[in-house]
file protein.txt (compact mmCIF, C-alpha atoms)
# COMPACT_ATOMS: atom_id res chain seq x y z
CA MET A 1 0.00 0.00 0.00
CA ALA A 2 1.36 3.39 -1.00
CA ILE A 3 0.98 6.25 1.48
CA VAL A 4 0.69 9.83 0.21
CA GLN A 5 0.66 12.94 2.38
CA GLY A 6 -1.90 15.55 1.34
CA LEU A 7 -3.65 15.95 -1.99
CA PRO A 8 -0.95 16.74 -4.52
CA PRO A 9 -2.18 17.14 -8.10
CA ALA A 10 -2.25 13.89 -10.06
CA ILE A 11 -1.13 11.34 -7.46
CA ASN A 12 -1.64 8.84 -10.26
CA ALA A 13 -3.96 8.28 -13.20
CA HIS A 14 -5.45 4.96 -12.07
CA PRO A 15 -9.26 4.91 -11.91
CA THR A 16 -10.01 5.03 -8.20
CA ILE A 17 -12.63 3.76 -5.79
CA LEU A 18 -12.29 5.95 -2.68
CA THR A 19 -13.58 6.01 0.84
CA ILE A 20 -13.09 8.88 3.29
CA GLY A 21 -13.04 8.95 7.07
CA ALA A 22 -11.05 9.42 10.25
CA PHE A 23 -11.05 5.62 10.75
CA ASP A 24 -9.64 5.82 14.28
CA GLY A 25 -9.71 2.30 15.65
CA VAL A 26 -10.77 0.76 12.31
CA HIS A 27 -13.78 -0.92 13.94
CA LYS A 28 -16.16 -3.42 12.32
CA GLY A 29 -18.17 -0.69 10.60
CA HIS A 30 -14.98 0.81 9.14
CA LYS A 31 -13.87 -2.65 8.02
CA GLN A 32 -17.20 -3.20 6.27
CA LEU A 33 -16.91 0.15 4.46
CA ILE A 34 -13.26 -0.16 3.45
CA GLY A 35 -13.70 -3.82 2.55
CA SER A 36 -16.68 -2.96 0.31
CA ALA A 37 -14.68 -0.30 -1.51
CA VAL A 38 -11.69 -2.63 -1.93
CA ARG A 39 -13.90 -5.44 -3.31
CA ARG A 40 -15.57 -3.03 -5.74
CA ALA A 41 -12.19 -1.76 -6.92
CA ARG A 42 -11.06 -5.32 -7.59
CA GLU A 43 -14.28 -6.05 -9.52
CA LEU A 44 -13.73 -3.01 -11.75
CA GLY A 45 -9.95 -3.30 -12.08
CA CYS A 46 -9.46 0.01 -10.27
CA GLN A 47 -7.22 1.03 -7.40
CA SER A 48 -8.76 1.24 -3.95
CA ALA A 49 -7.92 4.32 -1.91
CA VAL A 50 -8.64 5.44 1.62
CA LEU A 51 -8.45 9.12 2.56
CA THR A 52 -7.98 9.76 6.25
CA PHE A 53 -7.06 12.75 8.38
CA ASP A 54 -4.25 13.63 10.73
CA PRO A 55 -4.98 15.02 13.22
CA HIS A 56 -8.43 13.56 13.83
CA PRO A 57 -11.06 16.19 12.89
CA ASP A 58 -12.36 16.25 16.47
CA MET A 59 -8.98 17.60 17.61
CA VAL A 60 -9.59 20.71 15.47
CA ILE A 61 -13.37 21.03 15.73
CA HIS A 62 -13.54 20.39 19.50
CA PRO A 63 -10.03 21.04 20.89
CA ASP A 64 -11.43 21.46 24.42
CA ARG A 65 -12.57 17.83 24.60
CA GLY A 66 -9.06 16.35 24.78
CA ARG A 67 -9.80 13.45 22.43
CA MET A 68 -7.80 10.29 22.94
CA TYR A 69 -6.83 8.21 19.91
CA LEU A 70 -7.80 4.55 19.83
CA THR A 71 -4.89 3.72 17.52
CA SER A 72 -1.66 5.42 16.52
CA PHE A 73 -1.32 6.51 12.90
CA GLU A 74 1.00 3.56 12.27
CA GLU A 75 -1.52 1.09 13.69
CA ARG A 76 -4.34 2.66 11.67
CA ALA A 77 -2.28 2.47 8.48
CA GLU A 78 -1.45 -1.19 9.13
CA LEU A 79 -5.12 -2.05 9.76
CA ILE A 80 -6.13 -0.32 6.52
CA ARG A 81 -3.31 -2.06 4.62
CA ALA A 82 -4.51 -5.40 5.95
CA LEU A 83 -7.93 -4.72 4.41
CA GLY A 84 -6.31 -4.58 0.97
CA ALA A 85 -6.28 -0.85 0.20
CA ASP A 86 -3.85 0.11 -2.56
CA LEU A 87 -3.43 3.76 -1.55
CA LEU A 88 -3.69 5.63 1.74
CA ILE A 89 -4.02 9.39 1.44
CA VAL A 90 -3.31 11.24 4.68
CA MET A 91 -4.66 14.77 4.69
CA ALA A 92 -3.91 17.32 7.39
CA PHE A 93 -7.14 18.43 9.03
CA THR A 94 -6.95 22.14 9.80
CA ARG A 95 -9.36 25.03 10.39
CA GLU A 96 -9.00 25.75 6.66
CA THR A 97 -9.96 22.17 5.81
CA MET A 98 -12.96 22.48 8.11
CA GLU A 99 -14.16 25.58 6.24
CA LEU A 100 -13.90 24.09 2.73
CA ALA A 101 -17.17 23.75 0.87
CA ALA A 102 -17.98 20.17 -0.08
CA HIS A 103 -17.63 20.98 -3.79
CA ASP A 104 -14.17 22.50 -3.25
CA PHE A 105 -13.02 19.51 -1.19
CA MET A 106 -14.24 16.98 -3.74
CA SER A 107 -12.69 19.04 -6.57
CA GLN A 108 -9.33 18.79 -4.81
CA ILE A 109 -9.72 15.04 -4.58
CA CYS A 110 -10.62 14.80 -8.27
CA ARG A 111 -7.48 16.75 -9.19
CA SER A 112 -5.42 14.22 -7.19
CA VAL A 113 -6.97 10.91 -8.22
CA ALA A 114 -9.14 9.69 -11.08
CA LEU A 115 -12.18 9.26 -8.86
CA ARG A 116 -14.80 6.88 -10.26
CA GLU A 117 -16.74 5.93 -7.14
CA LEU A 118 -16.95 7.32 -3.61
CA TRP A 119 -17.93 4.80 -0.95
CA VAL A 120 -19.15 6.25 2.35
CA GLY A 121 -21.13 5.34 5.43
CA TRP A 122 -24.90 5.81 5.39
CA ASP A 123 -24.67 8.92 7.59
CA PHE A 124 -21.52 10.43 6.06
CA ALA A 125 -21.14 14.15 5.46
CA LEU A 126 -18.18 16.41 4.76
CA GLY A 127 -17.39 20.03 4.13
CA ARG A 128 -18.29 23.25 5.85
CA ARG A 129 -21.17 22.63 8.27
CA ARG A 130 -21.37 19.03 6.95
CA GLU A 131 -23.06 20.35 3.81
CA GLY A 132 -21.70 17.45 1.75
CA ASN A 133 -24.34 14.90 2.70
CA LEU A 134 -25.26 12.00 0.40
CA VAL A 135 -27.64 14.09 -1.70
CA ARG A 136 -25.11 16.90 -2.17
CA LEU A 137 -22.21 14.49 -2.82
CA ARG A 138 -24.27 12.83 -5.55
CA GLU A 139 -24.92 16.24 -7.15
CA ILE A 140 -21.22 17.07 -7.01
CA GLY A 141 -20.37 13.60 -8.31
CA HIS A 142 -22.68 14.05 -11.29
CA GLU A 143 -20.79 17.24 -12.15
CA LEU A 144 -17.28 15.88 -11.47
CA GLY A 145 -17.79 12.39 -12.90
CA TYR A 146 -18.00 10.02 -9.94
CA SER A 147 -20.84 8.08 -8.34
CA VAL A 148 -21.62 7.77 -4.62
CA HIS A 149 -22.24 4.44 -2.90
CA PRO A 150 -23.43 4.50 0.72
CA VAL A 151 -22.82 1.43 2.86
CA ASP A 152 -25.47 0.52 5.43
CA ALA A 153 -24.67 0.72 9.11
CA PHE A 154 -22.95 -2.35 10.54
CA ALA A 155 -25.20 -3.66 13.29
CA LEU A 156 -24.48 -5.76 16.36
CA GLN A 157 -26.51 -8.91 17.00
CA ASP A 158 -29.00 -6.84 19.02
CA GLY A 159 -29.47 -4.51 16.05
CA SER A 160 -27.46 -1.61 17.51
CA PRO A 161 -25.50 0.22 14.78
CA ILE A 162 -21.74 0.60 15.10
call {"tool": "encode", "arguments": {"input": "protein.txt", "output": "structure tokens"}}
result
Amino acid sequence: MAIVQGLPPAINAHPTILTIGAFDGVHKGHKQLIGSAVRRARELGCQSAVLTFDPHPDMVIHPDRGRMYLTSFEERAELIRALGADLLIVMAFTRETMELAAHDFMSQICRSVALRELWVGWDFALGRRREGNLVRLREIGHELGYSVHPVDAFALQDGSPI
């Protein structure tokens, strides 16, 4: 698995199936999401990519909470590698990142990778004030040339979502 810091223009030209998240702990729900994206990439002959953030967005959005990490970056990267991802993109999460409109953020991604499909959790949102919900991401995807695939919540045996 290649690891790239930030979103430099044209990381590579391989058609890409991407998922985005903090992925701290890489729990069962994360594994289901990343695994789904990796399987889809294999089916289509694309590269699978995971975009994550360092520091965790909560450290910037809620600095007063003193968030504790479940895993170190190295552990997180190893867990993601073990799921079969081809590319790990590590983006710095800053106040500027937090203020990016969803369209601007996704445009940056599309300048870095040849995004074909975006795989996200059922409740995923990104961008300023979480404006990039599933409906908005689909609109942006229609314009920028990618499709959005939400993955259902992973539930425990009692039906509780993870």
call {"tool": "residues_around", "arguments": {"input": "protein.txt", "residues": "Ala102 (chain A)", "least_positions_apart": "5", "cutoff": "9 Å", "atoms": "only C-alpha atoms", "output": "list of chain:residue names"}}
result
A:Ser107, A:Ala125, A:Leu126, A:Gly127, A:Arg128, A:Arg130, A:Glu131, A:Gly132, A:Asn133, A:Arg136, A:Leu137, A:Ile140
call {"tool": "closest_residue", "arguments": {"input": "protein.txt", "among": "A:Leu87, A:Glu117, A:Thr19, A:Ser72", "to": "Gln32 (chain A)", "atoms": "all atoms listed in the file"}}
result
A:Thr19
call {"tool": "closest_residue", "arguments": {"input": "protein.txt", "among": "A:Arg116, A:Pro55, A:Glu99, A:His30", "to": "Arg67 (chain A)", "atoms": "all atoms listed in the file"}}
result
A:Pro55
call {"tool": "closest_residue", "arguments": {"input": "protein.txt", "among": "A:Ile109, A:Val26, A:Leu44, A:Ile17", "to": "Leu70 (chain A)", "atoms": "only C-alpha atoms"}}
result
A:Val26
call {"tool": "axis_aligned_box", "arguments": {"input": "protein.txt", "around": "region 71-85 of chain A", "padding_each_side": "3 Å", "output": "AutoDock Vina command-line options"}}
result
--center_x -3.5 --center_y 0.6 --center_z 8.9 --size_x 14.9 --size_y 17.9 --size_z 23.3
call {"tool": "build_atoms", "arguments": {"input": "protein.txt", "residues": "region 67-93 of chain A", "atoms": "N, CA, C and O atoms", "output": "CSV table (one decimal), in the frame of the given file"}}
result
chain,number,residue,atom,x,y,z
A,67,ARG,N,-9.6,14.8,23.0
A,67,ARG,CA,-9.8,13.4,22.4
A,67,ARG,C,-8.6,12.6,22.6
A,67,ARG,O,-7.4,13.0,22.4
A,68,MET,N,-8.8,11.3,22.9
A,68,MET,CA,-7.8,10.3,22.9
A,68,MET,C,-7.9,9.4,21.7
A,68,MET,O,-9.0,9.0,21.3
A,69,TYR,N,-6.8,9.1,21.1
A,69,TYR,CA,-6.8,8.2,19.9
A,69,TYR,C,-7.0,6.8,20.4
A,69,TYR,O,-6.4,6.4,21.4
A,70,LEU,N,-7.7,6.0,19.6
A,70,LEU,CA,-7.8,4.6,19.8
A,70,LEU,C,-6.6,3.8,19.3
A,70,LEU,O,-6.2,2.8,19.8
A,71,THR,N,-6.0,4.3,18.2
A,71,THR,CA,-4.9,3.7,17.5
A,71,THR,C,-3.9,4.8,17.1
A,71,THR,O,-4.3,5.9,16.8
A,72,SER,N,-2.7,4.5,17.1
A,72,SER,CA,-1.7,5.4,16.5
A,72,SER,C,-1.8,5.5,15.0
A,72,SER,O,-2.5,4.6,14.4
A,73,PHE,N,-1.2,6.4,14.4
A,73,PHE,CA,-1.3,6.5,12.9
A,73,PHE,C,-0.7,5.2,12.3
A,73,PHE,O,-1.3,4.7,11.3
A,74,GLU,N,0.4,4.8,12.8
A,74,GLU,CA,1.0,3.6,12.3
A,74,GLU,C,0.1,2.3,12.4
A,74,GLU,O,0.0,1.5,11.4
A,75,GLU,N,-0.6,2.2,13.5
A,75,GLU,CA,-1.5,1.1,13.7
A,75,GLU,C,-2.7,1.2,12.7
A,75,GLU,O,-3.1,0.2,12.1
A,76,ARG,N,-3.2,2.4,12.6
A,76,ARG,CA,-4.3,2.7,11.7
A,76,ARG,C,-3.9,2.3,10.2
A,76,ARG,O,-4.7,1.6,9.5
A,77,ALA,N,-2.8,2.8,9.8
A,77,ALA,CA,-2.3,2.5,8.5
A,77,ALA,C,-2.1,1.0,8.3
A,77,ALA,O,-2.5,0.4,7.2
A,78,GLU,N,-1.6,0.3,9.2
A,78,GLU,CA,-1.4,-1.2,9.1
A,78,GLU,C,-2.8,-1.9,9.0
A,78,GLU,O,-3.0,-2.8,8.2
A,79,LEU,N,-3.8,-1.5,9.8
A,79,LEU,CA,-5.1,-2.0,9.8
A,79,LEU,C,-5.8,-1.8,8.4
A,79,LEU,O,-6.4,-2.7,7.8
A,80,ILE,N,-5.6,-0.6,7.8
A,80,ILE,CA,-6.1,-0.3,6.5
A,80,ILE,C,-5.4,-1.1,5.4
A,80,ILE,O,-6.0,-1.7,4.5
A,81,ARG,N,-4.1,-1.2,5.6
A,81,ARG,CA,-3.3,-2.1,4.6
A,81,ARG,C,-3.8,-3.5,4.6
A,81,ARG,O,-4.0,-4.1,3.6
A,82,ALA,N,-4.1,-4.0,5.8
A,82,ALA,CA,-4.5,-5.4,6.0
A,82,ALA,C,-5.9,-5.6,5.3
A,82,ALA,O,-6.2,-6.8,4.9
A,83,LEU,N,-6.6,-4.6,5.1
A,83,LEU,CA,-7.9,-4.7,4.4
A,83,LEU,C,-7.8,-4.7,2.9
A,83,LEU,O,-8.8,-4.9,2.2
A,84,GLY,N,-6.6,-4.5,2.4
A,84,GLY,CA,-6.3,-4.6,1.0
A,84,GLY,C,-6.3,-3.3,0.2
A,84,GLY,O,-6.2,-3.3,-1.0
A,85,ALA,N,-6.3,-2.1,0.9
A,85,ALA,CA,-6.3,-0.8,0.2
A,85,ALA,C,-5.0,-0.7,-0.6
A,85,ALA,O,-3.9,-1.1,-0.1
A,86,ASP,N,-5.0,-0.1,-1.7
A,86,ASP,CA,-3.8,0.1,-2.6
A,86,ASP,C,-3.2,1.4,-2.2
A,86,ASP,O,-1.9,1.5,-2.4
A,87,LEU,N,-3.9,2.4,-1.8
A,87,LEU,CA,-3.4,3.8,-1.6
A,87,LEU,C,-4.1,4.3,-0.3
A,87,LEU,O,-5.3,4.2,-0.1
A,88,LEU,N,-3.2,4.9,0.6
A,88,LEU,CA,-3.7,5.6,1.7
A,88,LEU,C,-3.3,7.1,1.6
A,88,LEU,O,-2.1,7.4,1.5
A,89,ILE,N,-4.3,8.0,1.5
A,89,ILE,CA,-4.0,9.4,1.4
A,89,ILE,C,-4.2,10.0,2.8
A,89,ILE,O,-5.3,9.8,3.4
A,90,VAL,N,-3.2,10.7,3.3
A,90,VAL,CA,-3.3,11.2,4.7
A,90,VAL,C,-3.3,12.7,4.5
A,90,VAL,O,-2.4,13.4,4.1
A,91,MET,N,-4.5,13.3,4.9
A,91,MET,CA,-4.7,14.8,4.7
A,91,MET,C,-4.7,15.4,6.0
A,91,MET,O,-5.3,15.0,7.0
A,92,ALA,N,-3.9,16.5,6.2
A,92,ALA,CA,-3.9,17.3,7.4
A,92,ALA,C,-5.3,17.9,7.6
A,92,ALA,O,-5.9,18.5,6.6
A,93,PHE,N,-5.9,17.8,8.7
A,93,PHE,CA,-7.1,18.4,9.0
A,93,PHE,C,-6.9,19.7,9.8
A,93,PHE,O,-6.3,19.7,10.9
